[in-house]
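Undergrad: This is upload_29.cif (mmCIF, C-alpha atoms).
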data_coords
#
loop_
_atom_site.label_atom_id
_atom_site.label_comp_id
_atom_site.auth_asym_id
_atom_site.auth_seq_id
_atom_site.Cartn_x
_atom_site.Cartn_y
_atom_site.Cartn_z
CA MET A 209 -36.59 6.87 -26.18
CA ARG A 210 -32.87 7.13 -25.54
CA LYS A 211 -30.75 4.58 -27.38
CA ILE A 212 -28.16 3.03 -25.07
CA LEU A 213 -25.48 0.97 -26.79
CA VAL A 214 -23.27 -1.42 -24.78
CA VAL A 215 -20.08 -2.48 -26.58
CA GLY A 216 -19.14 -5.89 -25.20
CA GLY A 217 -21.12 -8.51 -23.29
CA GLY A 218 -18.51 -9.52 -20.72
CA TYR A 219 -18.75 -8.93 -16.97
CA ALA A 220 -19.18 -5.17 -17.02
CA GLY A 221 -21.33 -5.11 -20.17
CA PHE A 222 -23.62 -7.92 -19.07
CA TYR A 223 -24.21 -6.48 -15.60
CA THR A 224 -24.76 -2.99 -17.00
CA ALA A 225 -27.47 -4.18 -19.40
CA TRP A 226 -28.97 -6.61 -16.87
CA LYS A 227 -29.33 -3.95 -14.18
CA LEU A 228 -30.50 -1.29 -16.63
CA GLU A 229 -33.38 -3.57 -17.58
CA LYS A 230 -34.40 -3.59 -13.92
CA ARG A 231 -33.88 0.13 -13.31
CA LEU A 232 -35.38 1.62 -16.48
CA ARG A 233 -38.96 1.41 -17.67
CA PRO A 234 -39.47 -0.04 -21.17
CA ASP A 235 -40.45 3.40 -22.47
CA GLU A 236 -37.37 5.16 -21.06
CA ALA A 237 -34.62 3.64 -23.17
CA GLU A 238 -33.83 1.16 -25.92
CA LEU A 239 -30.94 -1.15 -24.96
CA THR A 240 -28.54 -2.80 -27.41
CA VAL A 241 -25.54 -5.06 -26.67
CA VAL A 242 -22.99 -5.87 -29.36
CA ASP A 243 -20.76 -8.91 -28.79
CA PRO A 244 -19.51 -11.70 -31.09
CA ARG A 245 -20.34 -14.35 -28.47
CA PRO A 246 -23.90 -15.14 -27.32
CA TYR A 247 -22.78 -15.56 -23.71
CA MET A 248 -20.83 -14.00 -20.88
CA THR A 249 -17.89 -16.12 -19.75
CA TYR A 250 -17.53 -16.53 -15.99
CA GLN A 251 -13.74 -16.61 -16.15
CA PRO A 252 -13.00 -17.71 -12.54
CA PHE A 253 -14.48 -21.10 -13.50
CA LEU A 254 -12.17 -21.60 -16.51
CA PRO A 255 -9.42 -23.38 -14.51
CA GLU A 256 -12.02 -25.84 -13.24
CA VAL A 257 -13.44 -26.25 -16.74
CA ALA A 258 -9.91 -27.14 -17.88
CA ALA A 259 -9.72 -29.72 -15.09
CA GLY A 260 -13.21 -31.12 -15.67
CA SER A 261 -14.59 -29.95 -12.30
CA VAL A 262 -17.12 -27.61 -13.95
CA GLU A 263 -19.09 -28.32 -17.10
CA ALA A 264 -18.12 -25.90 -19.88
CA ARG A 265 -21.65 -24.62 -20.51
CA HIS A 266 -22.06 -23.81 -16.82
CA ALA A 267 -19.22 -21.28 -17.05
CA ALA A 268 -21.13 -19.44 -19.78
CA VAL A 269 -24.15 -17.24 -19.01
CA SER A 270 -26.53 -16.91 -21.95
CA LEU A 271 -27.16 -13.29 -22.92
CA ARG A 272 -30.50 -14.02 -24.59
CA ARG A 273 -31.80 -15.94 -21.60
CA HIS A 274 -31.17 -13.11 -19.14
CA LEU A 275 -31.38 -9.93 -21.22
CA ARG A 276 -35.06 -10.10 -22.15
CA ARG A 277 -35.55 -6.43 -23.15
CA THR A 278 -32.20 -5.91 -24.83
CA ARG A 279 -31.47 -6.16 -28.53
CA LEU A 280 -28.48 -8.44 -29.02
CA VAL A 281 -26.28 -7.94 -32.07
CA ALA A 282 -23.90 -10.80 -32.87
CA GLY A 283 -20.84 -9.02 -34.17
CA THR A 284 -17.67 -7.11 -33.35
CA VAL A 285 -17.46 -3.35 -33.06
CA THR A 286 -14.57 -2.27 -35.28
CA MET A 287 -14.83 1.51 -34.82
CA VAL A 288 -16.39 3.97 -32.38
CA ASP A 289 -17.17 7.41 -33.83
CA HIS A 290 -18.54 9.23 -30.83
CA ALA A 291 -18.52 12.59 -32.54
CA HIS A 292 -21.31 11.30 -34.81
CA ARG A 293 -22.80 8.89 -32.22
CA ARG A 294 -22.28 5.74 -34.24
CA VAL A 295 -20.25 2.53 -34.25
CA THR A 296 -19.29 0.19 -37.08
CA VAL A 297 -20.22 -3.46 -36.54
CA ARG A 298 -18.68 -6.44 -38.33
CA PRO A 299 -21.04 -9.46 -38.19
CA ALA A 300 -19.90 -13.04 -38.65
CA ASP A 301 -21.61 -13.05 -42.07
CA GLY A 302 -22.42 -10.22 -44.42
CA PRO A 303 -21.07 -6.68 -44.79
CA GLU A 304 -20.26 -4.24 -42.01
CA PHE A 305 -22.96 -1.79 -40.94
CA ASP A 306 -23.34 1.23 -38.67
CA LEU A 307 -25.37 1.48 -35.48
CA GLY A 308 -26.47 4.81 -34.06
CA TYR A 309 -26.85 5.61 -30.37
CA ASP A 310 -27.47 8.38 -27.88
CA VAL A 311 -25.46 6.93 -24.98
CA ILE A 312 -22.52 4.55 -25.34
CA VAL A 313 -21.11 2.16 -22.74
CA VAL A 314 -17.70 0.76 -23.68
CA THR A 315 -17.03 -2.56 -21.94
CA ALA A 316 -15.22 -4.35 -24.75
CA GLY A 317 -12.89 -6.23 -22.42
CA ALA A 318 -9.20 -6.96 -22.70
CA VAL A 319 -7.49 -9.37 -25.06
CA THR A 320 -4.70 -11.85 -24.39
CA ARG A 321 -1.37 -10.06 -24.50
CA LYS A 322 1.04 -11.82 -26.84
CA PHE A 323 4.73 -11.31 -27.49
CA PRO A 324 6.64 -12.00 -30.73
CA VAL A 325 8.09 -15.29 -29.45
CA PRO A 326 8.89 -17.74 -32.29
CA GLY A 327 6.47 -20.66 -32.28
CA ILE A 328 4.00 -19.29 -29.71
CA ALA A 329 1.38 -18.23 -32.28
CA GLU A 330 1.50 -21.73 -33.85
CA GLN A 331 1.79 -23.84 -30.69
CA ALA A 332 0.20 -22.08 -27.70
CA ILE A 333 -3.40 -21.77 -26.58
CA GLY A 334 -4.86 -19.08 -24.31
CA MET A 335 -7.20 -19.48 -21.36
CA LYS A 336 -9.55 -16.53 -21.60
CA HIS A 337 -12.61 -18.19 -23.15
CA VAL A 338 -14.62 -21.34 -22.51
CA GLU A 339 -13.57 -23.01 -25.74
CA GLU A 340 -9.91 -22.57 -24.81
CA ALA A 341 -10.38 -24.17 -21.39
CA VAL A 342 -12.22 -27.10 -22.99
CA ALA A 343 -9.45 -27.51 -25.57
CA ILE A 344 -6.79 -27.61 -22.82
CA ARG A 345 -8.62 -30.43 -21.06
CA ASP A 346 -9.30 -32.39 -24.24
CA ARG A 347 -5.71 -32.06 -25.46
CA LEU A 348 -4.35 -33.30 -22.14
CA LEU A 349 -6.69 -36.31 -22.14
CA THR A 350 -5.89 -37.07 -25.78
CA ALA A 351 -2.16 -36.82 -25.02
CA PHE A 352 -2.53 -39.48 -22.30
CA ASP A 353 -4.37 -41.77 -24.72
CA ARG A 354 -1.70 -41.34 -27.38
CA ALA A 355 1.20 -41.70 -24.95
CA SER A 356 -0.19 -44.93 -23.50
CA ALA A 357 0.13 -46.58 -26.92
CA LEU A 358 3.80 -45.61 -27.31
CA GLU A 359 7.01 -47.04 -25.95
CA PRO A 360 8.91 -44.82 -23.49
CA GLY A 361 10.93 -42.22 -25.36
CA PRO A 362 11.11 -38.58 -26.49
CA THR A 363 7.72 -38.57 -28.26
CA ARG A 364 5.93 -40.02 -25.26
CA ARG A 365 7.67 -37.61 -22.88
CA LYS A 366 6.71 -34.63 -25.05
CA LEU A 367 3.06 -35.68 -25.02
CA LEU A 368 3.16 -35.81 -21.22
CA THR A 369 4.79 -32.39 -20.79
CA VAL A 370 2.61 -29.34 -20.06
CA THR A 371 3.86 -25.73 -19.95
CA PHE A 372 2.00 -22.70 -18.60
CA VAL A 373 3.48 -19.28 -19.37
CA GLY A 374 2.48 -16.59 -16.89
CA GLY A 375 2.30 -16.67 -13.10
CA GLY A 376 -0.70 -14.45 -12.55
CA PHE A 377 -4.05 -15.61 -11.20
CA SER A 378 -5.33 -17.33 -14.33
CA GLY A 379 -1.99 -18.99 -14.98
CA VAL A 380 -1.45 -20.30 -11.45
CA GLU A 381 -5.04 -21.45 -10.98
CA GLY A 382 -5.13 -23.15 -14.38
CA PHE A 383 -1.72 -24.73 -13.78
CA GLY A 384 -2.73 -26.05 -10.35
CA GLU A 385 -5.96 -27.57 -11.64
CA VAL A 386 -4.38 -29.18 -14.72
CA LEU A 387 -1.46 -30.47 -12.64
CA LEU A 388 -3.88 -32.22 -10.30
CA LEU A 389 -5.89 -33.62 -13.22
CA GLY A 390 -2.76 -34.99 -14.89
CA THR A 391 -1.59 -36.64 -11.66
CA ALA A 392 -5.02 -38.17 -11.04
CA LEU A 393 -5.16 -39.59 -14.58
CA LEU A 394 -2.25 -41.93 -13.83
CA LYS A 395 -4.64 -44.23 -11.95
CA SER A 396 -6.45 -44.91 -15.22
CA TYR A 397 -3.24 -45.31 -17.26
CA PRO A 398 -1.11 -48.07 -15.69
CA GLU A 399 1.13 -47.97 -18.80
CA LEU A 400 2.43 -44.54 -17.77
CA ASP A 401 4.83 -43.65 -14.99
CA ARG A 402 4.69 -40.59 -12.72
CA GLY A 403 8.28 -39.76 -13.60
CA GLU A 404 7.27 -39.23 -17.24
CA LEU A 405 4.93 -36.36 -16.38
CA GLU A 406 6.42 -32.87 -16.55
CA PHE A 407 4.57 -29.69 -15.62
CA HIS A 408 6.37 -26.36 -16.10
CA LEU A 409 5.20 -22.93 -14.92
CA VAL A 410 7.23 -20.07 -16.41
CA GLU A 411 7.10 -16.57 -14.91
CA ALA A 412 9.21 -13.59 -16.00
CA GLN A 413 9.19 -12.01 -12.54
CA GLY A 414 10.83 -13.29 -9.36
CA ARG A 415 7.51 -14.35 -7.83
CA ILE A 416 4.04 -15.54 -8.78
CA LEU A 417 0.59 -14.26 -7.78
CA PRO A 418 1.42 -10.54 -7.44
CA GLU A 419 -1.97 -10.03 -5.73
CA VAL A 420 -0.68 -11.76 -2.56
CA THR A 421 2.35 -10.86 -0.46
CA ASP A 422 5.76 -12.51 -0.74
CA ARG A 423 5.42 -15.17 1.94
CA PRO A 424 2.11 -16.66 0.70
CA GLY A 425 3.52 -16.46 -2.84
CA ARG A 426 6.51 -18.55 -1.81
CA TRP A 427 4.19 -21.05 -0.15
CA VAL A 428 2.26 -21.46 -3.41
CA VAL A 429 5.51 -22.18 -5.28
CA SER A 430 6.53 -24.70 -2.63
CA SER A 431 3.10 -26.35 -2.74
CA LEU A 432 3.26 -26.77 -6.52
CA GLU A 433 6.81 -28.13 -6.42
CA ARG A 434 5.90 -30.68 -3.74
CA ARG A 435 3.31 -32.00 -6.18
CA GLY A 436 5.96 -32.52 -8.85
CA ALA A 437 5.78 -29.24 -10.78
CA ARG A 438 8.73 -27.14 -11.90
CA VAL A 439 8.34 -23.40 -11.36
CA HIS A 440 10.74 -21.26 -13.41
CA LEU A 441 11.01 -17.75 -11.91
CA ASN A 442 12.87 -14.88 -13.57
CA ALA A 443 12.54 -16.81 -16.83
CA GLN A 444 11.01 -16.04 -20.20
CA VAL A 445 10.11 -18.23 -23.14
CA VAL A 446 12.36 -17.18 -26.02
CA SER A 447 11.25 -19.89 -28.47
CA ALA A 448 8.58 -22.58 -28.77
CA VAL A 449 9.07 -23.70 -32.38
CA ASP A 450 7.50 -27.14 -32.97
CA GLY A 451 6.85 -27.44 -29.23
CA HIS A 452 10.53 -27.20 -28.30
CA VAL A 453 10.55 -24.68 -25.45
CA THR A 454 13.69 -22.64 -24.85
CA LEU A 455 13.89 -20.40 -21.77
CA SER A 456 15.99 -17.30 -21.22
CA THR A 457 17.77 -19.24 -18.45
CA GLY A 458 19.13 -21.68 -21.04
CA GLU A 459 16.83 -24.57 -20.12
CA GLU A 460 15.20 -26.49 -22.97
CA PHE A 461 12.49 -29.14 -23.16
CA ASP A 462 9.78 -30.43 -25.51
CA SER A 463 6.18 -29.73 -24.56
CA GLY A 464 3.05 -31.14 -26.16
CA LEU A 465 0.74 -28.57 -24.53
CA ILE A 466 1.64 -24.89 -24.11
CA VAL A 467 -0.83 -22.53 -22.40
CA TRP A 468 -0.23 -18.78 -22.67
CA THR A 469 -1.56 -16.72 -19.73
CA ALA A 470 1.02 -13.89 -19.70
CA GLY A 471 -1.40 -11.07 -18.98
CA ASN A 472 -3.95 -8.97 -20.85
CA GLY A 473 -3.68 -6.11 -23.30
CA ALA A 474 -6.02 -3.29 -24.29
CA ASN A 475 -8.69 -4.15 -26.83
CA PRO A 476 -7.56 -2.99 -30.31
CA VAL A 477 -10.88 -1.23 -30.89
CA VAL A 478 -10.31 0.95 -27.84
CA ARG A 479 -6.59 1.39 -28.43
CA LYS A 480 -6.72 2.24 -32.15
CA HIS A 481 -10.23 2.75 -33.50
CA THR A 482 -12.06 5.31 -31.40
CA ASP A 483 -12.15 9.06 -30.96
CA LEU A 484 -12.70 8.67 -27.21
CA PRO A 485 -9.73 9.72 -25.03
CA ILE A 486 -7.25 7.01 -24.03
CA ASP A 487 -4.19 6.99 -21.77
CA GLU A 488 -0.62 5.88 -22.43
CA ARG A 489 -1.57 2.20 -21.94
CA GLY A 490 -4.34 2.33 -24.53
CA LEU A 491 -7.10 2.34 -21.89
CA LEU A 492 -10.06 4.68 -21.88
CA THR A 493 -9.64 7.70 -19.64
CA VAL A 494 -12.43 7.41 -17.08
CA ARG A 495 -13.55 9.49 -14.12
CA ALA A 496 -14.38 8.00 -10.74
CA ASP A 497 -18.10 7.98 -11.61
CA LEU A 498 -17.28 5.89 -14.74
CA ARG A 499 -17.90 8.69 -17.23
CA VAL A 500 -15.35 8.81 -20.03
CA GLY A 501 -13.06 11.84 -19.80
CA THR A 502 -11.65 13.85 -16.92
CA ASP A 503 -13.18 16.01 -14.22
CA ASP A 504 -12.30 19.09 -16.27
CA GLU A 505 -13.26 17.62 -19.66
CA PRO A 506 -15.98 14.97 -19.40
CA VAL A 507 -17.18 13.36 -22.62
CA PRO A 508 -20.98 13.69 -22.88
CA ASP A 509 -23.01 10.46 -23.11
CA ALA A 510 -19.97 8.16 -22.90
CA TRP A 511 -19.33 5.66 -20.11
CA ALA A 512 -16.85 2.83 -19.63
CA ALA A 513 -15.91 0.11 -17.16
CA GLY A 514 -14.01 -3.15 -16.90
CA ASP A 515 -10.61 -4.13 -18.24
CA ASP A 516 -10.49 -1.40 -20.91
CA ALA A 517 -11.17 1.47 -18.53
CA ALA A 518 -8.56 3.25 -16.40
CA VAL A 519 -10.89 3.70 -13.41
CA PRO A 520 -9.38 5.70 -10.51
CA ASP A 521 -8.90 3.65 -7.34
CA LEU A 522 -10.24 5.91 -4.61
CA THR A 523 -9.30 3.41 -1.87
CA SER A 524 -5.58 3.48 -2.74
CA ARG A 525 -3.08 5.75 -1.01
CA VAL A 526 -0.98 5.87 -4.17
CA PRO A 527 -1.67 9.03 -6.23
CA GLY A 528 -3.07 8.24 -9.66
CA ALA A 529 -3.72 4.57 -8.83
CA ARG A 530 -6.16 2.66 -11.04
CA THR A 531 -8.34 -0.34 -10.18
CA VAL A 532 -6.82 -3.64 -11.24
CA PRO A 533 -8.48 -5.38 -14.21
CA ASN A 534 -10.23 -8.32 -12.57
CA ALA A 535 -13.71 -9.84 -12.37
CA GLN A 536 -14.44 -8.44 -8.93
CA HIS A 537 -14.09 -4.85 -10.11
CA ALA A 538 -15.79 -5.43 -13.48
CA VAL A 539 -18.95 -6.84 -11.86
CA ARG A 540 -19.24 -4.03 -9.32
CA GLN A 541 -18.44 -1.37 -11.90
CA GLY A 542 -21.14 -2.76 -14.19
CA LYS A 543 -23.73 -2.56 -11.43
CA LEU A 544 -22.76 1.00 -10.52
CA LEU A 545 -22.68 1.96 -14.19
CA ALA A 546 -26.31 0.91 -14.61
CA ARG A 547 -27.27 2.89 -11.53
CA ASN A 548 -25.41 6.01 -12.67
CA ILE A 549 -26.83 5.94 -16.20
CA ALA A 550 -30.39 5.49 -14.93
CA VAL A 551 -29.99 8.28 -12.38
CA THR A 552 -28.45 10.77 -14.83
CA LEU A 553 -31.14 10.08 -17.45
CA ARG A 554 -33.61 11.24 -14.80
CA GLY A 555 -31.58 14.31 -13.88
CA GLY A 556 -29.80 12.89 -10.83
CA THR A 557 -26.15 12.77 -9.78
CA ALA A 558 -23.78 9.89 -10.50
CA LYS A 559 -21.87 8.23 -7.64
CA PRO A 560 -18.12 7.54 -7.72
CA TYR A 561 -16.85 3.97 -7.77
CA VAL A 562 -15.44 3.02 -4.37
CA HIS A 563 -14.76 -0.62 -3.56
CA HIS A 564 -12.97 -2.04 -0.54
CA GLY A 565 -11.60 -5.48 -1.39
CA LEU A 566 -12.64 -8.53 0.60
CA GLY A 567 -9.31 -10.24 0.08
CA THR A 568 -7.74 -12.51 -2.50
CA VAL A 569 -8.60 -16.18 -2.97
CA ALA A 570 -7.23 -18.69 -5.47
CA THR A 571 -7.65 -22.39 -6.15
CA LEU A 572 -4.55 -24.53 -6.63
CA GLY A 573 -6.37 -27.71 -7.54
CA LEU A 574 -9.04 -29.89 -5.96
CA GLY A 575 -8.97 -29.39 -2.19
CA ARG A 576 -6.12 -26.86 -2.31
CA GLY A 577 -6.23 -23.08 -2.23
CA ILE A 578 -4.95 -19.88 -0.66
CA PHE A 579 -6.75 -16.84 0.77
CA GLN A 580 -5.31 -13.56 2.00
CA TYR A 581 -6.99 -10.54 3.55
CA ARG A 582 -4.41 -8.03 4.73
CA ARG A 583 -2.27 -10.05 7.18
CA LEU A 584 -4.68 -12.96 7.47
CA VAL A 585 -3.59 -15.92 5.35
CA ILE A 586 -5.54 -19.19 5.05
CA LYS A 587 -4.09 -22.14 3.16
CA GLY A 588 -5.16 -25.55 1.91
CA PHE A 589 -8.64 -27.05 2.14
CA PRO A 590 -10.38 -24.18 4.04
CA ALA A 591 -9.17 -21.68 1.41
CA TRP A 592 -10.38 -23.98 -1.38
CA LEU A 593 -13.83 -24.14 0.25
CA MET A 594 -13.87 -20.34 0.50
CA HIS A 595 -12.98 -20.11 -3.21
CA ARG A 596 -15.83 -22.39 -4.22
CA GLY A 597 -18.30 -20.76 -1.86
CA TYR A 598 -17.52 -17.26 -3.08
CA HIS A 599 -17.74 -18.08 -6.77
CA VAL A 600 -20.90 -20.15 -6.59
CA LEU A 601 -22.52 -17.12 -4.96
CA ALA A 602 -20.97 -14.70 -7.47
CA VAL A 603 -21.93 -16.49 -10.70
CA PRO A 604 -25.09 -14.82 -12.10
CA SER A 605 -28.54 -16.43 -11.71
CA TRP A 606 -29.77 -19.21 -9.43
CA GLU A 607 -30.02 -21.50 -12.43
CA ARG A 608 -26.24 -21.37 -12.92
CA LYS A 609 -25.53 -21.69 -9.20
CA LEU A 610 -27.60 -24.88 -8.94
CA ARG A 611 -26.07 -26.40 -12.07
CA VAL A 612 -22.52 -25.82 -10.79
CA LEU A 613 -23.38 -27.21 -7.35
CA ALA A 614 -24.89 -30.32 -8.96
CA ILE A 615 -21.70 -30.93 -10.97
CA TRP A 616 -19.52 -30.52 -7.88
CA LEU A 617 -21.65 -32.93 -5.86
CA THR A 618 -21.64 -35.50 -8.68
CA ALA A 619 -17.86 -35.27 -9.00
CA ALA A 620 -17.47 -35.73 -5.23
CA PHE A 621 -19.21 -39.12 -5.43
CA PHE A 622 -18.15 -40.42 -8.85
CA GLY A 623 -14.98 -38.48 -9.70
CA ARG A 624 -14.26 -36.46 -12.82
CA ASP A 625 -15.24 -37.52 -16.30
CA ILE A 626 -12.05 -38.33 -18.24
CA VAL A 627 -13.50 -38.63 -21.74
CA SER A 628 -11.82 -36.43 -24.33
CA LEU A 629 -14.03 -34.82 -26.97
CA ALA A 630 -11.19 -33.32 -28.98
CA SER A 631 -12.66 -34.94 -32.08
CA VAL A 632 -15.48 -32.36 -32.07
CA GLU A 633 -12.94 -29.92 -33.52
CA HIS A 634 -12.98 -32.06 -36.69
CA PRO A 635 -16.51 -33.51 -36.82
CA ARG A 636 -16.34 -34.52 -40.51
CA ASP A 637 -13.25 -36.73 -40.24
CA ALA A 638 -15.18 -39.94 -39.54
CA PHE A 639 -17.68 -39.19 -42.31
CA VAL A 640 -14.96 -38.42 -44.87
CA SER A 641 -12.83 -41.45 -44.02
CA GLY A 642 -15.80 -43.82 -43.79
CA GLY A 643 -14.18 -45.47 -40.79
CA ASP A 644 -11.03 -46.35 -42.72
CA PRO A 645 -8.00 -45.40 -40.59
CA ILE A 646 -5.82 -45.02 -43.73
CA PRO A 647 -8.16 -43.86 -46.53
CA GLU A 648 -5.32 -42.93 -48.88
CA GLN A 649 -3.81 -46.43 -48.83
CA SER A 650 -7.24 -48.02 -49.34
CA ALA A 651 -7.86 -45.83 -52.38
CA ARG A 652 -4.52 -46.86 -53.91
CA LEU A 653 -5.24 -50.55 -53.19
CA ALA A 654 -8.68 -50.29 -54.78
CA GLU A 655 -7.14 -48.70 -57.87
CA THR A 656 -4.61 -51.52 -58.12
CA VAL A 657 -7.30 -54.23 -57.82
CA THR A 658 -9.36 -52.52 -60.54
CA ARG A 659 -6.41 -52.58 -62.88
#
Please lay out the structure from this file as structure tokens.
TA:
Amino acid sequence: MRKILVVGGGYAGFYTAWKLEKRLRPDEAELTVVDPRPYMTYQPFLPEVAAGSVEARHAAVSLRRHLRRTRLVAGTVTMVDHAHRRVTVRPADGPEFDLGYDVIVVTAGAVTRKFPVPGIAEQAIGMKHVEEAVAIRDRLLTAFDRASALEPGPTRRKLLTVTFVGGGFSGVEGFGEVLLLGTALLKSYPELDRGELEFHLVEAQGRILPEVTDRPGRWVVSSLERRGARVHLNAQVVSAVDGHVTLSTGEEFDSGLIVWTAGNGANPVVRKHTDLPIDERGLLTVRADLRVGTDDEPVPDAWAAGDDAAVPDLTSRVPGARTVPNAQHAVRQGKLLARNIAVTLRGGTAKPYVHHGLGTVATLGLGRGIFQYRRLVIKGFPAWLMHRGYHVLAVPSWERKLRVLAIWLTAAFFGRDIVSLASVEHPRDAFVSGGDPIPEQSARLAETVTR
């Protein structure tokens, strides 16, 4: 029995383990996946989770439900010692421990790339996990509730100001969805005026959505601005202390909600705590067949895929090009990885990863989207339908597909649910206060009466 250890249960890790279960007999290998979360996040749905178009749990695929023959270890790998075929695991509770293996698959995934901008660590929230997308939605809904009870002024305007930092796919899609949600909420809040809403998208480069060409990118900016957004190009956030955003262009404004989507960075475990070879960006050096190493110096029994792997792009004309870190590549690499591992365990030959893209599609809010395949560009409602159609087919398992479709159909007839559940972040508040809105004053009053 060969022990196969998968580090990370994201796209690449989940699909590798899922397909290995189908390809290998139970007596051929023992599979283990180590991940701190019990689910795989389907990240393309996160913008719609933030907007309330997709239920949060439907963007999460349970590992235990689908990986029936795999041992799941709830913890974080803190070190990979391939020379001795072992990793160190830090569980949520209890001391660290070592796990041995014969074959390792590193699919730890990337982390949100942060910069030392004053105030960002205290004020901003990312959009890489389900809980972050839920928090964005709840905070926006809560801000509307709080603002509706205030008189017009600086505090109310700050509550109704949203800032997204980063003009890549996740930033633009999240911004478009939240912008549409905020605009739609005005119908339920007659106390608020459209002019009080401010939505800012900040991008350091001179354009957004680098995956599409210049002209469609300009159309996306124009579309967002027509809906009342402000897109700041060639601008960086230099400070966000106490929610006061200062840009490198000199512009300043207060923002109650700041979302940080300024790209991904290499996982610290891969970048700092492994003896496997990495490149100058901190990514694992990977051959075209997804083995770790180079053609001249392959690393035995080590494989990698996904955002932490510098996989050669064999379809590119640029020498030394690497596949971009996105969901499309991670899913396909995971499937090929399972095939290559199964074949090599039986003495066969691994295949190189070659993927010809089917184009780029993005949602910009309900009923709005953009699609590009080479010179073909589709905008608006047809592109939005293509986005939904592609992702409902791509999300793993028929159970998840049907749940997402049911939510979309329900929302089409009855609209989105606009109830904020931000209070779940502090579930004991009501119990501790006993329903008293000012428990401290009541305690002092009770003490005075007793005297």
Undergrad: Using only C-alpha atoms, which of A:Val585, A:Leu613, A:Ala558, A:Ala535 sits nearest Trp511 (chain A)?
TA: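 With only C-alpha atoms as the atom set, the closest residue is A:Ala558.
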Undergrad: If the PyMOL selection byres ((chain A and resi 220-222) around 10) were run on this exact file, what residues would it hold? Put them as an NGL selection string.
TA: :A and (213-219 or 223-228 or 241-243 or 247-248 or 269-271 or 274-275 or 313-317 or 512-515 or 535-546 or 604)
Undergrad: What does the distance between CA of Asp483 (chain A) and CA of Asp503 (chain A) come to in Å, to one decimal place?
TA: 18.2 Å
Undergrad: Calculated over all atoms listed in the file, which of the candidates A:Ala620, A:Ile212, A:Ile626, A:Val600 has the smallest distance to Arg279 (chain A)?
TA: A:Ile212
Undergrad: Would you please work out which residue, of A:Pro303, A:Trp427, A:Thr482, A:Leu389, is nearest to Ile586 (chain A) when using all atoms listed in the file?
TA: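 With all atoms listed in the file as the atom set, the closest residue is A:Trp427.
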Undergrad: I need the residue nearest Glu460 (chain A) from this list: A:Ser430, A:Thr557, A:Thr371, A:Thr284. Use all atoms listed in the file for the distance.
TA: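 Among the listed residues, A:Thr371 lies closest to Glu460 (chain A).
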Undergrad: For region 347-362 of chain A, please output as a VMD selection string all residues within 10 Å (counting only C-alpha atoms; exclusion window: fewer than 2 positions along the same chain).
TA: chain A and resid 258 to 259 342 to 345 364 to 370 386 389 to 390 393 to 394 396 to 401 404 462 464 to 465 626 to 631
Undergrad: Written as a compact mmCIF listing (two decimals) with C-alpha atoms, in the frame of the given file, which residues does the PyMOL selection byres ((chain A and resi 411) around 10) give for the file shown?
TA:
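Output saved as out_34.txt:
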# COMPACT_ATOMS: atom_id res chain seq x y z
CA PHE A 372 2.00 -22.70 -18.60
CA VAL A 373 3.48 -19.28 -19.37
CA GLY A 374 2.48 -16.59 -16.89
CA GLY A 375 2.30 -16.67 -13.10
CA GLY A 376 -0.70 -14.45 -12.55
CA GLY A 379 -1.99 -18.99 -14.98
CA VAL A 380 -1.45 -20.30 -11.45
CA HIS A 408 6.37 -26.36 -16.10
CA LEU A 409 5.20 -22.93 -14.92
CA VAL A 410 7.23 -20.07 -16.41
CA ALA A 412 9.21 -13.59 -16.00
CA GLN A 413 9.19 -12.01 -12.54
CA GLY A 414 10.83 -13.29 -9.36
CA ARG A 415 7.51 -14.35 -7.83
CA ILE A 416 4.04 -15.54 -8.78
CA LEU A 417 0.59 -14.26 -7.78
CA VAL A 439 8.34 -23.40 -11.36
CA HIS A 440 10.74 -21.26 -13.41
CA LEU A 441 11.01 -17.75 -11.91
CA ASN A 442 12.87 -14.88 -13.57
CA ALA A 443 12.54 -16.81 -16.83
CA GLN A 444 11.01 -16.04 -20.20
CA VAL A 445 10.11 -18.23 -23.14
CA THR A 469 -1.56 -16.72 -19.73
CA ALA A 470 1.02 -13.89 -19.70
Undergrad: Can you tell me, as a PDB file with C-alpha atoms, keeping the file's coordinate frame, what residues are no more than 12 Å from Glu330 (chain A) when counting only C-alpha atoms, ignoring any on the same chain fewer than 3 positions away?
TA:
ATOM      1  CA  PRO A 324       6.640 -12.000 -30.730  1.00  0.00           C
ATOM      2  CA  VAL A 325       8.090 -15.290 -29.450  1.00  0.00           C
ATOM      3  CA  PRO A 326       8.890 -17.740 -32.290  1.00  0.00           C
ATOM      4  CA  GLY A 327       6.470 -20.660 -32.280  1.00  0.00           C
ATOM      5  CA  ILE A 333      -3.400 -21.770 -26.580  1.00  0.00           C
ATOM      6  CA  GLY A 334      -4.860 -19.080 -24.310  1.00  0.00           C
ATOM      7  CA  SER A 447      11.250 -19.890 -28.470  1.00  0.00           C
ATOM      8  CA  ALA A 448       8.580 -22.580 -28.770  1.00  0.00           C
ATOM      9  CA  VAL A 449       9.070 -23.700 -32.380  1.00  0.00           C
ATOM     10  CA  ASP A 450       7.500 -27.140 -32.970  1.00  0.00           C
ATOM     11  CA  GLY A 451       6.850 -27.440 -29.230  1.00  0.00           C
ATOM     12  CA  HIS A 452      10.530 -27.200 -28.300  1.00  0.00           C
ATOM     13  CA  LEU A 465       0.740 -28.570 -24.530  1.00  0.00           C
ATOM     14  CA  ILE A 466       1.640 -24.890 -24.110  1.00  0.00           C
ATOM     15  CA  VAL A 467      -0.830 -22.530 -22.400  1.00  0.00           C
ATOM     16  CA  TRP A 468      -0.230 -18.780 -22.670  1.00  0.00           C
TER      17      TRP A 468
END
